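Student: This is the structure I want to talk about, given as structure tokens.
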Amino acid sequence: MNTDHLRAFVTAVDEGTFGAAADLLRISGSALSQRIKALEQEVGHVLLTRTVPVRATVSGEQMLRIARQTLLLEDEARAVLGFQSAEAQPVTTISIAVNADTLATWFIRVLQEAATWDGVELHLHTEDQQHTHELLRSGTVAAAVTDHPTPVSGCVSEPLGTMRYWPVASAELLDRHRRDDGAVDWVRVPQVDYSIRDNTQRAALAGLGVGTPAVTHLVPSVQAYNAAVGHGLGWGTIPDTMLAAGVREGTHPDLQVIPELAPEEVQLHWQRWSTSTAHMERLTETVRRAAKVLQI
């Protein structure tokens, strides 16, 4: 397939509109539309919805991963062969799905090392570790940190280690929601979720036979989430490496580990396309080194 047509298709999906994609590729809007139409005629399927934002159809989602892999190989070949246009040096783009806690902790080491690389740009997508594999399956990313050990079709998977999450709350918050018998009324205790898809706290409460709490706050920022729990907005789960000093030991002046709830251990895996390139191998090796800090 014509890689110019594939690039037009992928860029339209990433940018959301034909106009933005055409500007990025430095071609006219009609030229971009013609390239996508030519690709659709070649494969015999409509690949994009002509909406705002542009979205891949069911057939387009199947094509997207293949298109990205093809372009990744082409970009790497251009770099290896020293090909360059008059406008710029060749740059290889690698899209990665990472959960927010990972991005805020050990994955920083990956970014530090990537800062020394030439000819590579990283596009990071944040999603809960329970759902990052969906971005891999759809072709949105080339690699993902996920809790799914079974590789997505066309991918390989390897274990990275374990992140431990501690259920934490302020003592004042728990004291305000105790019944006369001294037990905590968990239905009334507010909880803090990172996103609407965050199931960590609900799963922990289910283990106590407790349903959905009356109040659930959504705080989609790792730092703000930890601060919200620390200030008593609600209870939440915080990674081991981000706990304030003295919380685990029981010496913190306010925050405490919730004794009724066990810490959650999440096994993380690195999944990536089985079609490998030198850039992807270097990224994978960097992830392996950074992940050594995880609890095994």
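Just remember, in the structure tokens the first chain shown is A, the second B, etc., residues are 1-based per chain, and ligands are 1-based in the order shown.
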Per residue of stretch 7-89 of chain A within 9 Å of stretch 272-281 of chain A, what are the shortest atom pair and its distance in Å to one decimal, counting only C-alpha atoms, with rows by chain and residue number, as JSON lines?

Tutor:
```
{"residue": "A:Gln69", "atom": "CA", "partner": "A:Thr275", "partner_atom": "CA", "distance": 7.1}
{"residue": "A:Leu72", "atom": "CA", "partner": "A:Thr277", "partner_atom": "CA", "distance": 8.0}
{"residue": "A:Leu73", "atom": "CA", "partner": "A:Thr277", "partner_atom": "CA", "distance": 6.9}
{"residue": "A:Glu76", "atom": "CA", "partner": "A:Thr277", "partner_atom": "CA", "distance": 7.1}
```

Student: Quick one: write out the picked residues with N, CA and C atoms as a PDB file, in the first residue's frame?

Tutor:
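Wrote selection-v6.pdb, looks like this:
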```pdb
ATOM      1  N   GLN A  69       2.161   0.362  12.113  1.00  0.00           N
ATOM      2  CA  GLN A  69       3.342  -0.493  12.050  1.00  0.00           C
ATOM      3  C   GLN A  69       4.118  -0.244  10.759  1.00  0.00           C
ATOM      4  N   LEU A  72       5.923   3.033  11.052  1.00  0.00           N
ATOM      5  CA  LEU A  72       7.048   2.927  11.978  1.00  0.00           C
ATOM      6  C   LEU A  72       8.259   2.304  11.280  1.00  0.00           C
ATOM      7  N   LEU A  73       8.001   1.259  10.497  1.00  0.00           N
ATOM      8  CA  LEU A  73       9.083   0.618   9.750  1.00  0.00           C
ATOM      9  C   LEU A  73       9.659   1.561   8.697  1.00  0.00           C
ATOM     10  N   GLU A  76      11.795   4.251  10.407  1.00  0.00           N
ATOM     11  CA  GLU A  76      13.077   3.716  10.864  1.00  0.00           C
ATOM     12  C   GLU A  76      14.013   3.468   9.684  1.00  0.00           C
TER      13      GLU A  76
END
```

Student: Produce a table with one row for each residue of stretch 112-182 of chain A that has an atom at most 10 Å from any atom of stretch 103-106 of chain A, each row naming the nearest atom pair and its distance in Å at one decimal; use only C-alpha atoms; arrange rows by chain and rising residue number; format as JSON lines.

Tutor:
```
{"residue": "A:Leu124", "atom": "CA", "partner": "A:Leu103", "partner_atom": "CA", "distance": 9.1}
{"residue": "A:His125", "atom": "CA", "partner": "A:Leu103", "partner_atom": "CA", "distance": 9.8}
{"residue": "A:Thr126", "atom": "CA", "partner": "A:Leu103", "partner_atom": "CA", "distance": 8.0}
{"residue": "A:Val145", "atom": "CA", "partner": "A:Leu103", "partner_atom": "CA", "distance": 9.7}
```

Student: Grab the residues selected above and save them as a CSV table (one decimal), in the first residue's frame with N, CA and C atoms.

Tutor:
```csv
chain,number,residue,atom,x,y,z
A,124,LEU,N,2.7,10.0,24.6
A,124,LEU,CA,2.2,9.3,25.7
A,124,LEU,C,0.7,9.5,25.8
A,125,HIS,N,0.0,8.4,26.1
A,125,HIS,CA,-1.5,8.4,26.3
A,125,HIS,C,-1.7,7.8,27.7
A,126,THR,N,-2.4,8.6,28.6
A,126,THR,CA,-2.6,8.1,29.9
A,126,THR,C,-4.0,7.4,30.0
A,145,VAL,N,2.0,-0.1,29.0
A,145,VAL,CA,2.1,-0.7,30.4
A,145,VAL,C,0.7,-1.1,30.8
```

Student: Quick one: everything within 6 Å of stretch 41-57 of chain A, counting only C-alpha atoms, minus sequence neighbours fewer than 4 positions away in the same chain. Send it as a PyMOL selection string.

Tutor: chain A and resi 13+16-17+61

Student: Please produce an output containing C-alpha atoms for each residue in the selection, written as an mmCIF file, in the first residue's frame.

Tutor:
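So the final result, stored in again.cif, reads:
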```cif
data_model
loop_
_atom_site.group_PDB
_atom_site.id
_atom_site.type_symbol
_atom_site.label_atom_id
_atom_site.label_comp_id
_atom_site.auth_asym_id
_atom_site.auth_seq_id
_atom_site.Cartn_x
_atom_site.Cartn_y
_atom_site.Cartn_z
ATOM 1 C CA VAL A 13 -7.306 9.952 13.027
ATOM 2 C CA GLY A 16 -9.270 14.731 14.447
ATOM 3 C CA THR A 17 -9.960 16.772 11.320
ATOM 4 C CA GLU A 61 -9.708 0.322 13.507
#
```

Student: Here is a test: counting only C-alpha atoms, which residue of A:Pro253, A:Gly207, A:Pro259, A:Gly82 is nearest to A:Pro167?

Tutor: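 For A:Pro167, the nearest of the given residues is A:Pro259.
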
Student: Identify which of the residues A:Glu260, A:Val266, A:Trp166, A:Leu173 lies closest to A:Gly236, counting only C-alpha atoms when measuring atom-to-atom distances.

Tutor: A:Trp166

Student: I'd like the neighbourhood of A:His231 as a VMD selection string, where a residue qualifies if any of its atoms comes within 10 Å (using only C-alpha atoms), though same-chain residues fewer than 2 positions away should be ignored.

Tutor: chain A and resid 169 to 170 172 to 173 225 to 229 233 to 235 254 to 255

Student: Tell me which protein, DNA and RNA residues are within 10 Å of A:Leu243, counting only C-alpha atoms, leaving out same-chain ones fewer than 4 positions away, and put them as a PyMOL selection string.

Tutor: chain A and resi 165-166+168+226+230+237-239+247-248+255+257

Student: Could those selected residues go to a file with all heavy atoms, as a short mmCIF file (atom, residue, chain, number, x, y, z; two decimals), in the first residue's frame?

Tutor:
```
data_model
loop_
_atom_site.label_atom_id
_atom_site.label_comp_id
_atom_site.auth_asym_id
_atom_site.auth_seq_id
_atom_site.Cartn_x
_atom_site.Cartn_y
_atom_site.Cartn_z
N TYR A 165 -0.55 -0.80 46.06
CA TYR A 165 -1.38 0.35 46.41
C TYR A 165 -1.94 0.17 47.82
O TYR A 165 -2.53 -0.86 48.13
CB TYR A 165 -2.54 0.49 45.41
CG TYR A 165 -2.13 0.91 44.02
CD1 TYR A 165 -1.59 -0.01 43.13
CD2 TYR A 165 -2.28 2.23 43.60
CE1 TYR A 165 -1.21 0.38 41.85
CE2 TYR A 165 -1.90 2.63 42.33
CZ TYR A 165 -1.37 1.69 41.46
OH TYR A 165 -0.99 2.07 40.20
N TRP A 166 -1.79 1.21 48.65
CA TRP A 166 -2.25 1.14 50.02
C TRP A 166 -3.54 1.93 50.19
O TRP A 166 -3.63 3.08 49.75
CB TRP A 166 -1.19 1.72 50.97
CG TRP A 166 0.05 0.88 51.06
CD1 TRP A 166 1.15 0.98 50.26
CD2 TRP A 166 0.30 -0.18 51.97
NE1 TRP A 166 2.08 0.04 50.62
CE2 TRP A 166 1.58 -0.69 51.69
CE3 TRP A 166 -0.43 -0.74 53.03
CZ2 TRP A 166 2.15 -1.74 52.39
CZ3 TRP A 166 0.14 -1.79 53.74
CH2 TRP A 166 1.41 -2.27 53.43
N VAL A 168 -5.74 4.32 52.05
CA VAL A 168 -5.33 5.35 53.00
C VAL A 168 -6.49 6.33 53.23
O VAL A 168 -7.27 6.62 52.32
CB VAL A 168 -4.09 6.11 52.47
CG1 VAL A 168 -3.75 7.28 53.37
CG2 VAL A 168 -2.91 5.16 52.35
N ASN A 226 -3.53 12.51 45.41
CA ASN A 226 -2.86 12.22 46.68
C ASN A 226 -3.10 13.33 47.70
O ASN A 226 -3.30 13.06 48.89
CB ASN A 226 -1.36 12.03 46.43
CG ASN A 226 -1.07 10.80 45.60
OD1 ASN A 226 -1.92 9.94 45.41
ND2 ASN A 226 0.15 10.72 45.08
N GLY A 230 -4.98 13.19 51.29
CA GLY A 230 -4.27 13.69 52.46
C GLY A 230 -5.04 14.74 53.23
O GLY A 230 -4.92 14.84 54.46
N THR A 237 -6.53 4.96 47.31
CA THR A 237 -5.37 4.06 47.29
C THR A 237 -4.19 4.79 46.67
O THR A 237 -4.32 5.39 45.60
CB THR A 237 -5.69 2.79 46.49
OG1 THR A 237 -6.16 3.14 45.18
CG2 THR A 237 -6.76 1.96 47.19
N ILE A 238 -3.06 4.71 47.32
CA ILE A 238 -1.86 5.45 46.91
C ILE A 238 -0.71 4.46 46.73
O ILE A 238 -0.51 3.58 47.57
CB ILE A 238 -1.49 6.52 47.95
CG1 ILE A 238 -2.63 7.55 48.06
CG2 ILE A 238 -0.17 7.20 47.59
CD1 ILE A 238 -2.36 8.63 49.08
N PRO A 239 0.06 4.59 45.62
CA PRO A 239 1.19 3.68 45.41
C PRO A 239 2.20 3.75 46.56
O PRO A 239 2.39 4.80 47.17
CB PRO A 239 1.82 4.19 44.10
CG PRO A 239 0.73 4.93 43.41
CD PRO A 239 -0.10 5.54 44.51
N VAL A 247 3.26 6.88 57.16
CA VAL A 247 1.90 6.35 56.99
C VAL A 247 1.89 4.84 57.23
O VAL A 247 1.08 4.33 58.01
CB VAL A 247 1.34 6.69 55.60
CG1 VAL A 247 -0.02 6.02 55.39
CG2 VAL A 247 1.21 8.19 55.42
N ARG A 248 2.79 4.12 56.56
CA ARG A 248 2.83 2.65 56.75
C ARG A 248 3.19 2.29 58.19
O ARG A 248 2.69 1.31 58.73
CB ARG A 248 3.84 2.02 55.78
CG ARG A 248 3.36 1.88 54.36
CD ARG A 248 4.27 0.98 53.56
NE ARG A 248 5.66 1.38 53.64
CZ ARG A 248 6.22 2.32 52.88
NH1 ARG A 248 5.49 2.94 51.96
NH2 ARG A 248 7.49 2.63 53.00
N LEU A 255 -2.71 10.89 58.47
CA LEU A 255 -3.03 9.81 57.53
C LEU A 255 -2.73 8.44 58.13
O LEU A 255 -1.77 8.28 58.89
CB LEU A 255 -2.21 9.97 56.24
CG LEU A 255 -2.70 11.00 55.22
CD1 LEU A 255 -1.81 10.96 54.00
CD2 LEU A 255 -4.15 10.75 54.84
N VAL A 257 -3.07 3.94 57.21
CA VAL A 257 -3.49 2.82 56.38
C VAL A 257 -4.78 2.27 56.97
O VAL A 257 -4.89 2.07 58.18
CB VAL A 257 -2.40 1.73 56.32
CG1 VAL A 257 -2.92 0.49 55.59
CG2 VAL A 257 -1.16 2.26 55.64
#
```

Student: Provide the atom CA of A:Ala183 to atom CA of A:Thr212 distance in Å, to one decimal place.

Tutor: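 One can read the atom CA of A:Ala183 to atom CA of A:Thr212 distance as 17.8 Å.
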
Student: Would you list the contacts of A:Leu294 as a list in words, taking every protein, DNA or RNA residue within 10 Å and counting only C-alpha atoms, but skipping same-chain residues closer than 2 positions in sequence?

Tutor: Trp106, Leu160, Gly161, Thr162, Met163, Arg164, Asp240, Thr241, Gln267, Leu268, Ala290, Ala291, Lys292 and Ile296 of chain A

Student: Would you please work out which residue, of A:His217, A:Thr3, A:Ser59, A:Ile96, is nearest to A:Val110 when using only C-alpha atoms?

Tutor: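 The closest residue to A:Val110 is A:Ile96.
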
Student: Identify, with DSSP run on backbone atoms, the residues in stretch 146-195 of chain A assigned to helix (DSSP H, G or I), and express the list as a list in words.

Tutor: Ala171, Glu172, Leu173, Leu174, Asp175 and Arg176 of chain A

Student: Save out the residues we just selected, C-alpha atoms, as a short mmCIF file (atom, residue, chain, number, x, y, z; two decimals), in the first residue's frame.

Tutor:
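What follows is the written file part-v1.cif:
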```cif
data_model
loop_
_atom_site.label_atom_id
_atom_site.label_comp_id
_atom_site.auth_asym_id
_atom_site.auth_seq_id
_atom_site.Cartn_x
_atom_site.Cartn_y
_atom_site.Cartn_z
CA ALA A 171 -8.04 9.63 60.85
CA GLU A 172 -10.42 12.60 61.14
CA LEU A 173 -12.40 11.44 58.09
CA LEU A 174 -12.86 7.94 59.46
CA ASP A 175 -13.75 9.20 62.93
CA ARG A 176 -16.51 11.38 61.48
#
```
